[in-house]
Amino acid sequence: LFGILCLIYWRVPRGPMPWRCVWPGATGALVAIAIVDYGFPLYWENVTTLRIGTSFVFVLIVLVWFYALALILLAGAVVNELRAESAAQAAG
């Protein structure tokens, strides 16, 4: 997952970025995704005891999970961009 995140953060924004600007966001996103992925099954086990609207609750939980993953990916990209901007200011 770290390699995929690095590849995405390296290639997607505006062309290749230097490695020193890619790895901090990828590392932070990896840790945050691991926390969310660990917490999701624990939360799901506690919610499945409800008998009313379990399919609705499941859809809602999955949507929140996808939303959290999207925010994590964007947060990693913001960290990388801020790092790239500070490196560019320091160089020039």
# chains A, B, ... in the order shown; residues from 1 in each chain; ligands from 1

$ residues_around --residues "Arg14 (chain A)" --least-positions-apart "6" --cutoff "12 Å" --atoms "only C-alpha atoms" --output "ChimeraX atom specification"
/A:8,77,81,84

$ residues_around --residues "Gly28 (chain A)" --least-positions-apart "3" --cutoff "12 Å" --atoms "only C-alpha atoms" --output "list in words"
Leu1, Phe2, Leu5, Cys6, Val22, Trp23, Pro24, Gly25, Val31, Ala32, Ile33, Ala34, Ile35, Ile72, Leu73, Leu74, Ala75, Gly76, Ala77, Val78, Val79 and Asn80 of chain A

$ residues_around --residues "region 36-40 of chain A" --least-positions-apart "4" --cutoff "9 Å" --atoms "only C-alpha atoms" --output "ChimeraX atom specification"
/A:31-32,44-45,61-62,65,68-69

$ write_last_selection --atoms "N, CA, C and O atoms" --output "tab-separated table (two decimals), in the first residue's frame"
chain	number	residue	atom	x	y	z
A	31	VAL	N	-0.54	5.14	7.72
A	31	VAL	CA	-0.88	4.96	9.14
A	31	VAL	C	-2.36	5.24	9.38
A	31	VAL	O	-3.06	4.49	10.07
A	32	ALA	N	-2.87	6.31	8.78
A	32	ALA	CA	-4.28	6.65	8.96
A	32	ALA	C	-5.20	5.59	8.35
A	32	ALA	O	-6.23	5.23	8.94
A	44	TRP	N	-18.18	-2.38	13.07
A	44	TRP	CA	-19.22	-3.16	12.42
A	44	TRP	C	-19.73	-4.28	13.33
A	44	TRP	O	-20.92	-4.58	13.36
A	45	GLU	N	-18.84	-4.90	14.10
A	45	GLU	CA	-19.26	-5.95	15.03
A	45	GLU	C	-20.21	-5.41	16.09
A	45	GLU	O	-21.13	-6.11	16.51
A	61	ILE	N	-22.39	2.97	6.97
A	61	ILE	CA	-21.04	2.76	7.50
A	61	ILE	C	-20.03	2.64	6.37
A	61	ILE	O	-18.93	3.20	6.45
A	62	VAL	N	-20.36	1.94	5.31
A	62	VAL	CA	-19.44	1.80	4.17
A	62	VAL	C	-19.20	3.16	3.51
A	62	VAL	O	-18.07	3.47	3.13
A	65	TRP	N	-16.87	5.03	5.62
A	65	TRP	CA	-15.53	4.45	5.48
A	65	TRP	C	-14.86	4.96	4.20
A	65	TRP	O	-13.70	5.37	4.24
A	68	ALA	N	-13.90	8.59	4.67
A	68	ALA	CA	-12.69	8.71	5.49
A	68	ALA	C	-11.44	8.39	4.67
A	68	ALA	O	-10.43	9.10	4.78
A	69	LEU	N	-11.50	7.35	3.84
A	69	LEU	CA	-10.36	7.02	2.99
A	69	LEU	C	-10.06	8.14	2.00
A	69	LEU	O	-8.88	8.46	1.75

$ closest_residue --among "A:Asn46, A:Phe58, A:Arg20, A:Pro41" --to "Glu85 (chain A)" --atoms "only C-alpha atoms"
A:Arg20

$ atom_distance --atom1 "CA of Leu82 (chain A)" --atom2 "CA of Ile4 (chain A)"
20.4 Å

$ atom_distance --atom1 "CA of Tyr67 (chain A)" --atom2 "CA of Pro16 (chain A)"
26.7 Å

$ decode --residues "region 30-41 of chain A" --atoms "all heavy atoms" --output "PDB file, in the first residue's frame"
ATOM      1  N   LEU A  30      -0.714   6.046   5.043  1.00  0.00           N
ATOM      2  CA  LEU A  30      -0.646   4.621   5.352  1.00  0.00           C
ATOM      3  C   LEU A  30      -1.048   4.356   6.798  1.00  0.00           C
ATOM      4  O   LEU A  30      -1.843   3.445   7.073  1.00  0.00           O
ATOM      5  CB  LEU A  30       0.758   4.092   5.089  1.00  0.00           C
ATOM      6  CG  LEU A  30       0.992   2.614   5.375  1.00  0.00           C
ATOM      7  CD1 LEU A  30       0.250   1.770   4.352  1.00  0.00           C
ATOM      8  CD2 LEU A  30       2.467   2.304   5.367  1.00  0.00           C
ATOM      9  N   VAL A  31      -0.538   5.137   7.722  1.00  0.00           N
ATOM     10  CA  VAL A  31      -0.881   4.961   9.140  1.00  0.00           C
ATOM     11  C   VAL A  31      -2.361   5.237   9.377  1.00  0.00           C
ATOM     12  O   VAL A  31      -3.055   4.486  10.075  1.00  0.00           O
ATOM     13  CB  VAL A  31       0.007   5.867  10.013  1.00  0.00           C
ATOM     14  CG1 VAL A  31      -0.478   5.893  11.453  1.00  0.00           C
ATOM     15  CG2 VAL A  31       1.452   5.421   9.949  1.00  0.00           C
ATOM     16  N   ALA A  32      -2.874   6.305   8.781  1.00  0.00           N
ATOM     17  CA  ALA A  32      -4.283   6.646   8.963  1.00  0.00           C
ATOM     18  C   ALA A  32      -5.197   5.591   8.349  1.00  0.00           C
ATOM     19  O   ALA A  32      -6.227   5.232   8.941  1.00  0.00           O
ATOM     20  CB  ALA A  32      -4.571   8.016   8.357  1.00  0.00           C
ATOM     21  N   ILE A  33      -4.844   5.074   7.186  1.00  0.00           N
ATOM     22  CA  ILE A  33      -5.649   4.031   6.556  1.00  0.00           C
ATOM     23  C   ILE A  33      -5.624   2.759   7.405  1.00  0.00           C
ATOM     24  O   ILE A  33      -6.642   2.075   7.551  1.00  0.00           O
ATOM     25  CB  ILE A  33      -5.165   3.766   5.118  1.00  0.00           C
ATOM     26  CG1 ILE A  33      -5.564   4.920   4.209  1.00  0.00           C
ATOM     27  CG2 ILE A  33      -5.741   2.456   4.567  1.00  0.00           C
ATOM     28  CD1 ILE A  33      -4.968   4.861   2.826  1.00  0.00           C
ATOM     29  N   ALA A  34      -4.467   2.445   7.983  1.00  0.00           N
ATOM     30  CA  ALA A  34      -4.382   1.268   8.851  1.00  0.00           C
ATOM     31  C   ALA A  34      -5.291   1.421  10.061  1.00  0.00           C
ATOM     32  O   ALA A  34      -5.964   0.460  10.468  1.00  0.00           O
ATOM     33  CB  ALA A  34      -2.941   1.047   9.285  1.00  0.00           C
ATOM     34  N   ILE A  35      -5.347   2.603  10.635  1.00  0.00           N
ATOM     35  CA  ILE A  35      -6.219   2.841  11.786  1.00  0.00           C
ATOM     36  C   ILE A  35      -7.682   2.706  11.391  1.00  0.00           C
ATOM     37  O   ILE A  35      -8.472   2.072  12.091  1.00  0.00           O
ATOM     38  CB  ILE A  35      -5.927   4.226  12.397  1.00  0.00           C
ATOM     39  CG1 ILE A  35      -4.546   4.221  13.047  1.00  0.00           C
ATOM     40  CG2 ILE A  35      -6.994   4.623  13.403  1.00  0.00           C
ATOM     41  CD1 ILE A  35      -4.055   5.586  13.451  1.00  0.00           C
ATOM     42  N   VAL A  36      -8.051   3.299  10.267  1.00  0.00           N
ATOM     43  CA  VAL A  36      -9.446   3.211   9.808  1.00  0.00           C
ATOM     44  C   VAL A  36      -9.806   1.771   9.463  1.00  0.00           C
ATOM     45  O   VAL A  36     -10.894   1.297   9.804  1.00  0.00           O
ATOM     46  CB  VAL A  36      -9.678   4.154   8.608  1.00  0.00           C
ATOM     47  CG1 VAL A  36     -11.011   3.890   7.944  1.00  0.00           C
ATOM     48  CG2 VAL A  36      -9.587   5.595   9.054  1.00  0.00           C
ATOM     49  N   ASP A  37      -8.892   1.066   8.793  1.00  0.00           N
ATOM     50  CA  ASP A  37      -9.168  -0.324   8.425  1.00  0.00           C
ATOM     51  C   ASP A  37      -9.242  -1.232   9.645  1.00  0.00           C
ATOM     52  O   ASP A  37      -9.934  -2.246   9.628  1.00  0.00           O
ATOM     53  CB  ASP A  37      -8.113  -0.851   7.458  1.00  0.00           C
ATOM     54  CG  ASP A  37      -8.315  -0.347   6.044  1.00  0.00           C
ATOM     55  OD1 ASP A  37      -9.414   0.183   5.772  1.00  0.00           O
ATOM     56  OD2 ASP A  37      -7.390  -0.474   5.232  1.00  0.00           O
ATOM     57  N   TYR A  38      -8.525  -0.907  10.696  1.00  0.00           N
ATOM     58  CA  TYR A  38      -8.609  -1.696  11.922  1.00  0.00           C
ATOM     59  C   TYR A  38      -9.892  -1.380  12.686  1.00  0.00           C
ATOM     60  O   TYR A  38     -10.498  -2.265  13.265  1.00  0.00           O
ATOM     61  CB  TYR A  38      -7.389  -1.413  12.806  1.00  0.00           C
ATOM     62  CG  TYR A  38      -7.406  -2.183  14.093  1.00  0.00           C
ATOM     63  CD1 TYR A  38      -7.136  -3.547  14.117  1.00  0.00           C
ATOM     64  CD2 TYR A  38      -7.704  -1.554  15.292  1.00  0.00           C
ATOM     65  CE1 TYR A  38      -7.160  -4.259  15.295  1.00  0.00           C
ATOM     66  CE2 TYR A  38      -7.730  -2.258  16.479  1.00  0.00           C
ATOM     67  CZ  TYR A  38      -7.452  -3.611  16.473  1.00  0.00           C
ATOM     68  OH  TYR A  38      -7.493  -4.306  17.646  1.00  0.00           O
ATOM     69  N   GLY A  39     -10.300  -0.124  12.670  1.00  0.00           N
ATOM     70  CA  GLY A  39     -11.487   0.288  13.407  1.00  0.00           C
ATOM     71  C   GLY A  39     -12.795  -0.090  12.745  1.00  0.00           C
ATOM     72  O   GLY A  39     -13.820  -0.253  13.423  1.00  0.00           O
ATOM     73  N   PHE A  40     -12.802  -0.209  11.437  1.00  0.00           N
ATOM     74  CA  PHE A  40     -14.044  -0.518  10.720  1.00  0.00           C
ATOM     75  C   PHE A  40     -14.662  -1.853  11.145  1.00  0.00           C
ATOM     76  O   PHE A  40     -15.846  -1.894  11.469  1.00  0.00           O
ATOM     77  CB  PHE A  40     -13.800  -0.483   9.212  1.00  0.00           C
ATOM     78  CG  PHE A  40     -15.001  -0.817   8.392  1.00  0.00           C
ATOM     79  CD1 PHE A  40     -16.060   0.071   8.293  1.00  0.00           C
ATOM     80  CD2 PHE A  40     -15.086  -2.018   7.714  1.00  0.00           C
ATOM     81  CE1 PHE A  40     -17.173  -0.233   7.535  1.00  0.00           C
ATOM     82  CE2 PHE A  40     -16.190  -2.334   6.957  1.00  0.00           C
ATOM     83  CZ  PHE A  40     -17.243  -1.432   6.865  1.00  0.00           C
ATOM     84  N   PRO A  41     -13.909  -2.966  11.165  1.00  0.00           N
ATOM     85  CA  PRO A  41     -14.525  -4.222  11.607  1.00  0.00           C
ATOM     86  C   PRO A  41     -14.962  -4.197  13.070  1.00  0.00           C
ATOM     87  O   PRO A  41     -15.984  -4.795  13.420  1.00  0.00           O
ATOM     88  CB  PRO A  41     -13.433  -5.273  11.400  1.00  0.00           C
ATOM     89  CG  PRO A  41     -12.485  -4.683  10.462  1.00  0.00           C
ATOM     90  CD  PRO A  41     -12.561  -3.207  10.666  1.00  0.00           C
TER      91      PRO A  41
END
